[in-house]
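Step one of this worksheet: look at the structure below.
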Amino acid sequence: AERGDGHAPIESPEGRPSPEVVLRDGSTVTLRPVGAGDEAALLRFLHELCASSRRLRFFTGAADLRSAAHWAADVEPGGFGLIASDPEGRLLGHAAYARLGDGRAEVAVEVADRMQGLGLGTILIERLAKEAERRGVSAFVAEVLPENRQMLAVFRDGFDAEVVLESGTEAVAFPTAAWRLAEQRFGGERAVRR
């Protein structure tokens with residue numbers, strides 16, 4: 001079934017639309033795959049992130065947001081992206097992976113400033129890892145600035161990621177199968193509406 005924005009929601013393996021996910025504060029989000037038509041909304045979303053959030057995500061305060069939004073809306077072949085939106089259709093989060101080869105993919109995540117700490121980052125990575133595993137990706141990797149403690153905690157606490165300091169950044173690695181661990185750890189604290 002299509003939504004009013006022209007995009008079909010993510011479907012479960014059984015072919016049913018993805019339910020809304022209820023976050024820790026009781027708000028709901030809907031997840032769906034990113035499409036080429038999402039570039040303008042992704043650009044707005046990235047511009048709305050505070051300067052600190054943009055620096056932590058892109059490792060610079062002067063990131064080319066137009067280029068980042070274009071990449072996010074048109075992940076290269078073999079990659080995949082998700083967006084989370086509120087009931088009014090405003091973007092609240094984005095996560096994507098790009099294949100690196102050898103069964104690995106690099107994962108990237110952004111969550112709206114006002115939504116941080118509510119479990120949305122973990123949910124996005126969990127659902128992205130589940131889809132990646134289904135598509136033959138066996139491991140996720142990421143580079144995270146050491147001061148991005150919140151993102152490092154998401155990777156460590158939710159996915160038992162291995163984190164090693166390399167050349168001034170934290171190199172993160174975990175199997176995509178770890179989505180099951182995150183679901184087991186945090187699935188009980190969040191409800192879903194079908």
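All residue names refer to the structure tokens as shown: chains lettered A, B, ... in order, residues numbered from 1 in each chain, ligands numbered from 1 in order.
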Counting only C-alpha atoms, what are the residues of segment 47-138 of chain A within 12 Å of segment 20-24 of chain A, and for each of them which pair of atoms is the nearest and at what distance in Å, to one decimal? Sort the table by chain and rising number, as JSON lines.
```
{"residue": "A:Ala84", "atom": "CA", "partner": "A:Val21", "partner_atom": "CA", "distance": 9.6}
{"residue": "A:Ser85", "atom": "CA", "partner": "A:Glu20", "partner_atom": "CA", "distance": 9.7}
{"residue": "A:Asp86", "atom": "CA", "partner": "A:Glu20", "partner_atom": "CA", "distance": 9.3}
{"residue": "A:Pro87", "atom": "CA", "partner": "A:Glu20", "partner_atom": "CA", "distance": 9.1}
{"residue": "A:Leu92", "atom": "CA", "partner": "A:Leu23", "partner_atom": "CA", "distance": 11.9}
{"residue": "A:Met115", "atom": "CA", "partner": "A:Leu23", "partner_atom": "CA", "distance": 9.2}
{"residue": "A:Gln116", "atom": "CA", "partner": "A:Arg24", "partner_atom": "CA", "distance": 10.6}
{"residue": "A:Gly117", "atom": "CA", "partner": "A:Arg24", "partner_atom": "CA", "distance": 8.5}
{"residue": "A:Leu118", "atom": "CA", "partner": "A:Arg24", "partner_atom": "CA", "distance": 5.1}
{"residue": "A:Gly119", "atom": "CA", "partner": "A:Leu23", "partner_atom": "CA", "distance": 6.3}
{"residue": "A:Leu120", "atom": "CA", "partner": "A:Leu23", "partner_atom": "CA", "distance": 7.0}
{"residue": "A:Gly121", "atom": "CA", "partner": "A:Leu23", "partner_atom": "CA", "distance": 10.6}
{"residue": "A:Thr122", "atom": "CA", "partner": "A:Leu23", "partner_atom": "CA", "distance": 10.7}
{"residue": "A:Ile123", "atom": "CA", "partner": "A:Val21", "partner_atom": "CA", "distance": 8.7}
{"residue": "A:Leu124", "atom": "CA", "partner": "A:Val21", "partner_atom": "CA", "distance": 10.6}
{"residue": "A:Arg127", "atom": "CA", "partner": "A:Val21", "partner_atom": "CA", "distance": 11.4}
```
Since we have the selection now, will you write its residues out, keeping N, CA, C and O atoms, as an mmCIF file, in the first residue's frame?
```cif
data_model
loop_
_atom_site.group_PDB
_atom_site.id
_atom_site.type_symbol
_atom_site.label_atom_id
_atom_site.label_comp_id
_atom_site.auth_asym_id
_atom_site.auth_seq_id
_atom_site.Cartn_x
_atom_site.Cartn_y
_atom_site.Cartn_z
ATOM 1 N N ALA A 84 13.415 7.739 8.631
ATOM 2 C CA ALA A 84 12.371 7.695 9.653
ATOM 3 C C ALA A 84 11.651 9.027 9.595
ATOM 4 O O ALA A 84 12.273 10.075 9.476
ATOM 5 N N SER A 85 10.337 8.962 9.635
ATOM 6 C CA SER A 85 9.556 10.198 9.602
ATOM 7 C C SER A 85 8.460 10.142 10.662
ATOM 8 O O SER A 85 8.049 9.071 11.104
ATOM 9 N N ASP A 86 8.001 11.334 11.040
ATOM 10 C CA ASP A 86 6.915 11.418 12.010
ATOM 11 C C ASP A 86 5.588 11.276 11.270
ATOM 12 O O ASP A 86 5.554 11.185 10.035
ATOM 13 N N PRO A 87 4.468 11.249 11.998
ATOM 14 C CA PRO A 87 3.168 11.073 11.331
ATOM 15 C C PRO A 87 2.847 12.157 10.304
ATOM 16 O O PRO A 87 2.062 11.929 9.390
ATOM 17 N N LEU A 92 13.051 12.510 10.503
ATOM 18 C CA LEU A 92 13.609 12.530 11.852
ATOM 19 C C LEU A 92 14.930 11.778 11.929
ATOM 20 O O LEU A 92 15.671 11.928 12.888
ATOM 21 N N MET A 115 15.492 14.304 18.587
ATOM 22 C CA MET A 115 15.130 12.895 18.711
ATOM 23 C C MET A 115 16.262 12.041 19.276
ATOM 24 O O MET A 115 16.079 10.846 19.478
ATOM 25 N N GLN A 116 17.412 12.640 19.531
ATOM 26 C CA GLN A 116 18.550 11.869 20.034
ATOM 27 C C GLN A 116 18.277 11.404 21.452
ATOM 28 O O GLN A 116 17.654 12.091 22.243
ATOM 29 N N GLY A 117 18.728 10.187 21.739
ATOM 30 C CA GLY A 117 18.525 9.609 23.061
ATOM 31 C C GLY A 117 17.215 8.875 23.233
ATOM 32 O O GLY A 117 16.914 8.395 24.322
ATOM 33 N N LEU A 118 16.429 8.765 22.153
ATOM 34 C CA LEU A 118 15.115 8.100 22.236
ATOM 35 C C LEU A 118 15.114 6.704 21.616
ATOM 36 O O LEU A 118 14.072 6.068 21.511
ATOM 37 N N GLY A 119 16.279 6.225 21.183
ATOM 38 C CA GLY A 119 16.374 4.887 20.605
ATOM 39 C C GLY A 119 16.253 4.837 19.095
ATOM 40 O O GLY A 119 16.338 3.758 18.512
ATOM 41 N N LEU A 120 16.073 5.980 18.445
ATOM 42 C CA LEU A 120 15.883 5.972 16.987
ATOM 43 C C LEU A 120 17.133 5.516 16.246
ATOM 44 O O LEU A 120 17.041 4.749 15.283
ATOM 45 N N GLY A 121 18.316 5.931 16.694
ATOM 46 C CA GLY A 121 19.548 5.491 16.033
ATOM 47 C C GLY A 121 19.692 3.980 16.072
ATOM 48 O O GLY A 121 20.019 3.350 15.067
ATOM 49 N N THR A 122 19.419 3.396 17.232
ATOM 50 C CA THR A 122 19.502 1.943 17.371
ATOM 51 C C THR A 122 18.500 1.252 16.451
ATOM 52 O O THR A 122 18.825 0.268 15.794
ATOM 53 N N ILE A 123 17.286 1.762 16.394
ATOM 54 C CA ILE A 123 16.253 1.166 15.536
ATOM 55 C C ILE A 123 16.676 1.235 14.070
ATOM 56 O O ILE A 123 16.558 0.252 13.330
ATOM 57 N N LEU A 124 17.177 2.390 13.643
ATOM 58 C CA LEU A 124 17.600 2.532 12.244
ATOM 59 C C LEU A 124 18.714 1.547 11.907
ATOM 60 O O LEU A 124 18.668 0.874 10.867
ATOM 61 N N ARG A 127 17.305 -2.138 11.844
ATOM 62 C CA ARG A 127 16.544 -2.454 10.630
ATOM 63 C C ARG A 127 17.442 -2.465 9.395
ATOM 64 O O ARG A 127 17.264 -3.279 8.492
#
```
Which residues are close to segment 144-160 of chain A, i.e. within 7 Å by only C-alpha atoms, leaving aside same-chain residues fewer than 6 positions away? Reply as a VMD selection string. chain A and resid 56 122 169 to 171 174 178 to 179 181 to 182
Requested in this report: Mind checking which residues fall within 10 Å of Arg66 of chain A, counting only C-alpha atoms, ignoring those fewer than 6 positions away in the same chain, and posting them as an MDAnalysis selection string?
Outcome: chainID A and resid 39:40 42:44 46:47 72
### Contact residues around Thr176 of chain A with only C-alpha atoms at 8 Å, ignoring same-chain residues under 2 positions, as a VMD selection string
chain A and resid 129 to 130 132 to 133 137 to 140 174 178 to 179
Using only C-alpha atoms, the best pick from A:Ala105, A:Leu165, A:Ala98, A:Leu65 as closest to Ala51 of chain A would be A:Leu65
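Between atom CA of Ala73 of chain A and atom CA of Glu166 of chain A the interatomic distance comes to 29.6 Å.
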Return as a count of residues only the full set of residues in segment 66-158 of chain A whose backbone-based DSSP assignment is strand (DSSP E). 31
